[in-house]
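Novice: Sharing a structure here in structure tokens format.
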Amino acid sequence: MNTILKYLSFICLALTIIPAFLVFNGSISLDQNKTLMAVGTFGWFLTAPFWMKQKKSDEAK
Amino acid sequence: MEPTLKKSNLVSKLNAVNEYERERIPENKLKDWRSFIGTYAGEHTAGTEFVLGPLFVAHGVNAFDLVTGLLIGNVLAVLSWAFLTAKISVLKRITLYYQLEKIAGKNFTLVYNLVNAAMFCFLAGSMIAVSATAVGIPFDIPMPTLQDVYPNSVGWVIVVFAVGLLTTLVAMVGFDQVSKFANVAAPWMIMIFIAAAIAVLPQLGVNSLGDFWTVAKTKIWNGVPLPGQDVFTFWHVMFFAWFCNMAMHIGMADMSLLRYAKKWQYGFSSAAGMFLGHYIAWIASGILYSLFLLQSNNSTEFAPGPVAYNAVGIAGALCVIIAGWTTANPTLYRAGLAIQAINPKWKTWKVTFVVGLFTTVAACFPALVMKLLDFVALYGLVLMPVGAVIFVDTYWLPKLGLIDEYAEKAGKNFNMAVALTWVLTLVLCVALNMSFGIEIFFLGLPGWFVAVAIYIVASKVLQKPVLSNYKA
């Protein structure tokens with residue numbers, strides 16, 4: 001399950017950055033980029049917390 | 001939630017934070033380099049980056065000075081972390097506060113804590129204000145401008161109070177959750193910074209990689225400051241990049257973190273934070289701000305929220321809110337703990353609440369954001385002499401026939417040599433600023449050497465022989 005969630009998370013993370021290069025390239029519009037980045041953002045926060053390890057409190061400064 | 005359970009949760013949280021506060025880190029608790037890379041990358045890609053990058057644009061830095069100044073300044077910062085902080089951290093393996101207590105005594109450490117707490121409050125306040133610029137977007141409130149010192153509208157005050165109170169409440173009861181959330185947000189935040197900058201490049205006239213440098217020189221960092229802003233040169237950029245975290249490296253605050261490092265070379269992992277946060281993120285936020293300036297005909301409005309929202313929509317606005325919030329929250333929590341050191345019997349949540357209210361009121365004043373460059377420089381400068389004291393105490397005092405960790409060995413609660421070093425160094429820095437017009441960004445370097453000299457002389461004059469079989 002964690003592996004699937006990890007894949008989903010990284011796909012969502014990719015959705016936040018790859019469309020920006022497509023805008024730069026002229027392949028998609030800025031509005032399409034905004035939508036894809038929003039989808040990637042929500043997807044990341046819905047999936048990543050389940051598998052990311054909590055940073056130990058002793059690492060906090 | 002049942003009150004007793006709530007209380008025990010809070011106590012356990014505080015216990016977790018206080019782990020190994022007064023002892024060396026055991027060998028089996030040491031961490032490998034990956035945790036330091038993650039920590040540094042996360043901590044230095046934060047809400048402040050949305051302000052500092054644009055302020056370089058506002059101060060008319062030219063493109064070459066920016067790129068080279070940041071490169072050299074960040075390399076110097078990484079070297080400071082590795083050769084100063086990490087070496088001493090691995091040698092001592094205790095927190096800055098405990099080390100300072102051994103050298104300067106409990107009473108001095110208390111004063112240091114209070115000064116630190118005040119700095120934390122103002123830093124948290126500026127981040128609450130940054131978040132508020134994004135939260136205020138749907139309400140169409142008037143955003144602050146570069147010249148604003150006081151709150152410019154009732155709407156602004158209401159939004160700041162809403163964000164500030166929420167941040168305070170979370171700092172009171174949910175620090176661990178915020179810490180966990182910040183870890184989740186860190187990789188995403190870096191992506192948003194990079195993506196936002198790349199997506200807006202065509203609007204600035206960059207249609208291929210070859211166009212970038214020309215546009216950078218003429219439109220983004222064109223060397224022309226906004227009205228009312230001083231011009232920044234290569235030296236400003238370099239010294240700012242080096243010293244903006246002076247409290248952490250030369251000031252030794254990161255002993256608390258790097259004491260967990262297996263080897264001192266892990267100090268080089270700070271490069272992850274410097275080059276992602278203080279290089280890429282500053283450049284990215286500068287690009288976004290310059291587009292805003294072009295589209296708004298050099299408006300003096302300074303609000304990271306709308307700038308990010310216009311560039312990449314809801315993801316950008318969320319990034320500003322989360323970046324500001326995840327920076328403000330732990331900072332507020334640490335300020336509360338520092339204040340609590342005055343009287344450990346005070347309830348942590350009550351102290352955090354009062355500190356949060358003070359911070360929220362401060363956040364209403366836009367000057368806190370507009371002068372963030374100066375404030376960050378001041379923060380490092382004020383805490384730097386203590387780092388110089390620790391450095392000299394560790395390496396040089398025994399070689400000079402003087403006593404290291406004097407307060408502990410002499411059973412003193414207040415080491416006057418350290419107090420004199422701190423006060424006289426800062427007085428001299430103020431004098432250099434006022435008499436010779438040396439800007440705050442440049443005072444850290446001469447200040448460090450002054451602090452070293454004063455501490456050696458003051459220790460020579462003030463130290464009295466102590467019994468060799470002192471009780472630690």
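Note on naming: chains are A, B, ... as they come in the structure tokens, residues start from 1 per chain, ligands start from 1 in the order shown.
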Please provide the set of residues having any atom within 10 Å of Ile194 (chain B), restricted to only C-alpha atoms, with same-chain residues fewer than 4 positions apart removed, written as a list of chain:residue names.

Specialist: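 Result of the neighbour search: A:Thr16, A:Ile17, A:Ala20, B:Met189, B:Ile190, B:Ile198, B:Ala199, B:Leu276, B:Ile280, B:Ala281, B:Ile283, B:Ala284, B:Ser285.
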
Novice: Would you output that residue set with C-alpha atoms, as a JSON list (two decimals), in the first residue's frame?

Specialist:
```
[["chain", "number", "residue", "atom", "x", "y", "z"],
["A", 16, "THR", "CA", 3.60, 20.51, -9.70],
["A", 17, "ILE", "CA", 6.76, 21.03, -11.75],
["A", 20, "ALA", "CA", 5.82, 24.65, -15.77],
["B", 189, "MET", "CA", 7.48, 23.86, -1.53],
["B", 190, "ILE", "CA", 10.80, 23.62, -3.37],
["B", 198, "ILE", "CA", 9.85, 28.75, -14.85],
["B", 199, "ALA", "CA", 6.18, 29.17, -15.73],
["B", 276, "LEU", "CA", 18.00, 25.21, -2.67],
["B", 280, "ILE", "CA", 17.28, 28.81, -6.19],
["B", 281, "ALA", "CA", 14.34, 30.01, -4.05],
["B", 283, "ILE", "CA", 16.24, 33.74, -7.52],
["B", 284, "ALA", "CA", 12.78, 32.22, -8.17],
["B", 285, "SER", "CA", 10.95, 34.63, -5.86]]
```

Novice: Using only C-alpha atoms, determine which residues lie at most 10 Å from Tyr97 (chain B), disregarding the query and same-chain residues fewer than 4 positions distant; provide the list as a PDB file with N, CA and C atoms, in the first residue's frame.

Specialist:
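The result, written out as result26.pdb:
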```
ATOM      1  N   GLU B  21      19.226  17.516  26.685  1.00  0.00           N
ATOM      2  CA  GLU B  21      19.546  18.941  26.802  1.00  0.00           C
ATOM      3  C   GLU B  21      20.766  19.181  27.685  1.00  0.00           C
ATOM      4  N   ARG B  22      21.004  18.266  28.641  1.00  0.00           N
ATOM      5  CA  ARG B  22      22.096  18.507  29.581  1.00  0.00           C
ATOM      6  C   ARG B  22      23.069  17.331  29.635  1.00  0.00           C
ATOM      7  N   GLU B 101      25.986  27.872  29.198  1.00  0.00           N
ATOM      8  CA  GLU B 101      25.840  27.841  30.659  1.00  0.00           C
ATOM      9  C   GLU B 101      27.171  27.477  31.321  1.00  0.00           C
ATOM     10  N   LYS B 102      27.898  26.529  30.731  1.00  0.00           N
ATOM     11  CA  LYS B 102      29.195  26.118  31.281  1.00  0.00           C
ATOM     12  C   LYS B 102      30.209  27.268  31.218  1.00  0.00           C
ATOM     13  N   ILE B 103      30.125  28.044  30.135  1.00  0.00           N
ATOM     14  CA  ILE B 103      31.104  29.121  29.942  1.00  0.00           C
ATOM     15  C   ILE B 103      30.682  30.399  30.677  1.00  0.00           C
ATOM     16  N   ALA B 104      29.382  30.737  30.512  1.00  0.00           N
ATOM     17  CA  ALA B 104      28.946  32.073  30.949  1.00  0.00           C
ATOM     18  C   ALA B 104      28.071  32.053  32.193  1.00  0.00           C
ATOM     19  N   LYS B 106      24.464  30.420  34.453  1.00  0.00           N
ATOM     20  CA  LYS B 106      23.021  30.314  34.241  1.00  0.00           C
ATOM     21  C   LYS B 106      22.367  31.663  33.997  1.00  0.00           C
ATOM     22  N   THR B 109      22.968  32.960  30.518  1.00  0.00           N
ATOM     23  CA  THR B 109      22.213  32.169  29.538  1.00  0.00           C
ATOM     24  C   THR B 109      20.750  32.598  29.514  1.00  0.00           C
ATOM     25  N   LEU B 110      20.237  32.983  30.681  1.00  0.00           N
ATOM     26  CA  LEU B 110      18.850  33.453  30.761  1.00  0.00           C
ATOM     27  C   LEU B 110      18.669  34.740  29.938  1.00  0.00           C
ATOM     28  N   TYR B 112      20.565  35.726  27.486  1.00  0.00           N
ATOM     29  CA  TYR B 112      20.727  35.337  26.081  1.00  0.00           C
ATOM     30  C   TYR B 112      19.425  34.749  25.535  1.00  0.00           C
ATOM     31  N   ASN B 113      18.785  33.900  26.353  1.00  0.00           N
ATOM     32  CA  ASN B 113      17.521  33.285  25.951  1.00  0.00           C
ATOM     33  C   ASN B 113      16.450  34.332  25.667  1.00  0.00           C
ATOM     34  N   MET B 252      26.644  29.759  16.525  1.00  0.00           N
ATOM     35  CA  MET B 252      26.654  28.414  17.123  1.00  0.00           C
ATOM     36  C   MET B 252      25.283  27.856  17.525  1.00  0.00           C
ATOM     37  N   ALA B 253      24.181  28.503  17.143  1.00  0.00           N
ATOM     38  CA  ALA B 253      22.862  27.972  17.528  1.00  0.00           C
ATOM     39  C   ALA B 253      22.655  26.562  16.965  1.00  0.00           C
ATOM     40  N   MET B 255      24.579  24.180  17.007  1.00  0.00           N
ATOM     41  CA  MET B 255      25.175  23.104  17.816  1.00  0.00           C
ATOM     42  C   MET B 255      24.081  22.138  18.250  1.00  0.00           C
ATOM     43  N   SER B 256      22.880  22.697  18.499  1.00  0.00           N
ATOM     44  CA  SER B 256      21.752  21.865  18.946  1.00  0.00           C
ATOM     45  C   SER B 256      21.398  20.809  17.907  1.00  0.00           C
TER      46      SER B 256
END
```

Novice: Counting only C-alpha atoms, what is within 8 Å of region 8-13 of chain A, bar same-chain residues fewer than 4 positions away, as a ChimeraX atom specification?

Specialist: /A:4,17,39-41,43-44,47-48 /B:188,191

Novice: Please produce a file of those selected residues containing C-alpha atoms, as a PDB file, in the first residue's frame.

Specialist:
```pdb
ATOM      1  CA  ILE A   4       1.427   2.631  -4.278  1.00  0.00           C
ATOM      2  CA  ILE A  17       6.763  21.030 -11.745  1.00  0.00           C
ATOM      3  CA  VAL A  39      -4.158  18.940  -8.686  1.00  0.00           C
ATOM      4  CA  GLY A  40      -0.554  17.965  -7.932  1.00  0.00           C
ATOM      5  CA  THR A  41      -0.600  19.982  -4.707  1.00  0.00           C
ATOM      6  CA  GLY A  43      -2.640  14.969  -4.453  1.00  0.00           C
ATOM      7  CA  TRP A  44       0.706  15.381  -2.680  1.00  0.00           C
ATOM      8  CA  THR A  47      -0.922  10.891  -0.163  1.00  0.00           C
ATOM      9  CA  ALA A  48       2.516  11.893   1.194  1.00  0.00           C
TER      10      ALA A  48
ATOM     11  CA  TRP B 188       6.511  20.326  -2.493  1.00  0.00           C
ATOM     12  CA  MET B 191       8.933  22.383  -6.473  1.00  0.00           C
TER      13      MET B 191
END
```

Novice: Please determine, counting only C-alpha atoms, which residue among B:Thr133, B:Val200, B:Leu70, B:Ala410 has the shortest atom-to-atom distance to Val23 (chain A).

Specialist: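 Using only C-alpha atoms, the shortest distance to Val23 (chain A) belongs to B:Val200.
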
Novice: Can you list every residue of chain B that has an atom at most 9 Å from chain A, with its nearest atom pair and the distance in Å to one decimal, using only C-alpha atoms, ordered by chain then number, as CSV?

Specialist:
```
residue,atom,partner,partner_atom,distance
B:Lys13,CA,A:Ser57,CA,8.5
B:Ala16,CA,A:Ser57,CA,6.3
B:Val17,CA,A:Ser57,CA,6.1
B:Asn18,CA,A:Asp58,CA,8.2
B:Glu19,CA,A:Asp58,CA,6.7
B:Tyr20,CA,A:Asp58,CA,8.6
B:Ser35,CA,A:Glu59,CA,8.3
B:Phe36,CA,A:Glu59,CA,8.6
B:Thr39,CA,A:Glu59,CA,7.6
B:Asp176,CA,A:Ser57,CA,7.6
B:Ser179,CA,A:Lys55,CA,7.3
B:Lys180,CA,A:Gln54,CA,5.3
B:Phe181,CA,A:Pro49,CA,7.6
B:Asn183,CA,A:Lys55,CA,6.8
B:Val184,CA,A:Pro49,CA,6.2
B:Ala185,CA,A:Phe45,CA,7.7
B:Pro187,CA,A:Leu13,CA,8.2
B:Trp188,CA,A:Leu13,CA,6.5
B:Met191,CA,A:Ile17,CA,5.9
B:Ile192,CA,A:Thr16,CA,6.5
B:Ile194,CA,A:Ile17,CA,7.3
B:Ala195,CA,A:Ile17,CA,4.9
B:Ala196,CA,A:Ala20,CA,7.0
B:Ala197,CA,A:Ala20,CA,8.4
B:Ile198,CA,A:Ala20,CA,5.8
B:Ala199,CA,A:Ala20,CA,4.5
B:Val200,CA,A:Phe24,CA,7.7
B:Leu201,CA,A:Phe24,CA,6.8
B:Pro202,CA,A:Phe24,CA,6.0
B:Val206,CA,A:Phe24,CA,8.3
B:Asn207,CA,A:Phe24,CA,6.7
B:Ser208,CA,A:Phe24,CA,8.0
B:Ala253,CA,A:Lys61,CA,8.2
B:Asp254,CA,A:Lys61,CA,7.1
B:Met255,CA,A:Lys61,CA,8.9
B:Ser256,CA,A:Lys61,CA,6.0
B:Leu257,CA,A:Lys61,CA,5.8
B:Leu258,CA,A:Glu59,CA,8.9
B:Tyr260,CA,A:Glu59,CA,8.1
B:Ala311,CA,A:Lys34,CA,8.2
B:Val312,CA,A:Lys34,CA,5.0
B:Gly313,CA,A:Lys34,CA,5.2
B:Ile314,CA,A:Ala38,CA,6.2
B:Ala315,CA,A:Ala38,CA,5.1
B:Gly316,CA,A:Ala38,CA,8.7
B:Leu318,CA,A:Thr41,CA,8.9
B:Pro330,CA,A:Ala60,CA,8.8
B:Arg334,CA,A:Lys61,CA,8.5
```

Novice: Only C-alpha atoms, please: the residues just picked out, written as a compact mmCIF listing (two decimals), in the first residue's frame.

Specialist:
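Written out: out04.txt:
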```txt
# COMPACT_ATOMS: atom_id res chain seq x y z
CA LYS B 13 6.10 16.90 23.82
CA ALA B 16 10.85 15.17 23.71
CA VAL B 17 12.18 18.64 22.95
CA ASN B 18 14.32 18.56 26.08
CA GLU B 19 15.95 15.26 25.15
CA TYR B 20 19.68 15.26 25.92
CA SER B 35 18.89 13.51 7.96
CA PHE B 36 20.99 16.69 7.94
CA THR B 39 16.64 19.14 7.72
CA ASP B 176 4.43 17.95 16.70
CA SER B 179 6.59 19.69 12.55
CA LYS B 180 5.30 16.63 10.72
CA PHE B 181 3.32 18.76 8.29
CA ASN B 183 8.35 17.82 6.64
CA VAL B 184 5.64 16.79 4.20
CA ALA B 185 5.44 20.29 2.74
CA PRO B 187 9.74 18.91 -1.07
CA TRP B 188 6.51 20.33 -2.49
CA MET B 191 8.93 22.38 -6.47
CA ILE B 192 6.47 25.29 -6.30
CA ILE B 194 11.02 26.41 -9.12
CA ALA B 195 7.82 25.79 -11.10
CA ALA B 196 6.44 29.27 -10.48
CA ALA B 197 9.61 30.93 -11.73
CA ILE B 198 9.85 28.75 -14.85
CA ALA B 199 6.18 29.17 -15.73
CA VAL B 200 6.35 32.99 -15.74
CA LEU B 201 9.60 33.27 -17.72
CA PRO B 202 7.78 33.56 -21.11
CA VAL B 206 12.34 34.42 -21.97
CA ASN B 207 11.39 31.94 -24.68
CA SER B 208 14.59 29.91 -24.71
CA ALA B 253 22.86 27.97 17.53
CA ASP B 254 23.10 24.95 15.22
CA MET B 255 25.18 23.10 17.82
CA SER B 256 21.75 21.86 18.95
CA LEU B 257 21.30 20.20 15.56
CA LEU B 258 24.84 19.22 14.54
CA TYR B 260 23.85 14.59 16.42
CA ALA B 311 1.92 33.34 -11.20
CA VAL B 312 0.72 29.82 -10.47
CA GLY B 313 -2.76 30.11 -8.98
CA ILE B 314 -3.99 28.37 -5.87
CA ALA B 315 -0.79 26.29 -5.50
CA GLY B 316 1.23 29.50 -5.26
CA LEU B 318 -1.05 27.88 -0.63
CA PRO B 330 8.13 26.46 15.45
CA ARG B 334 10.86 28.20 20.59
```
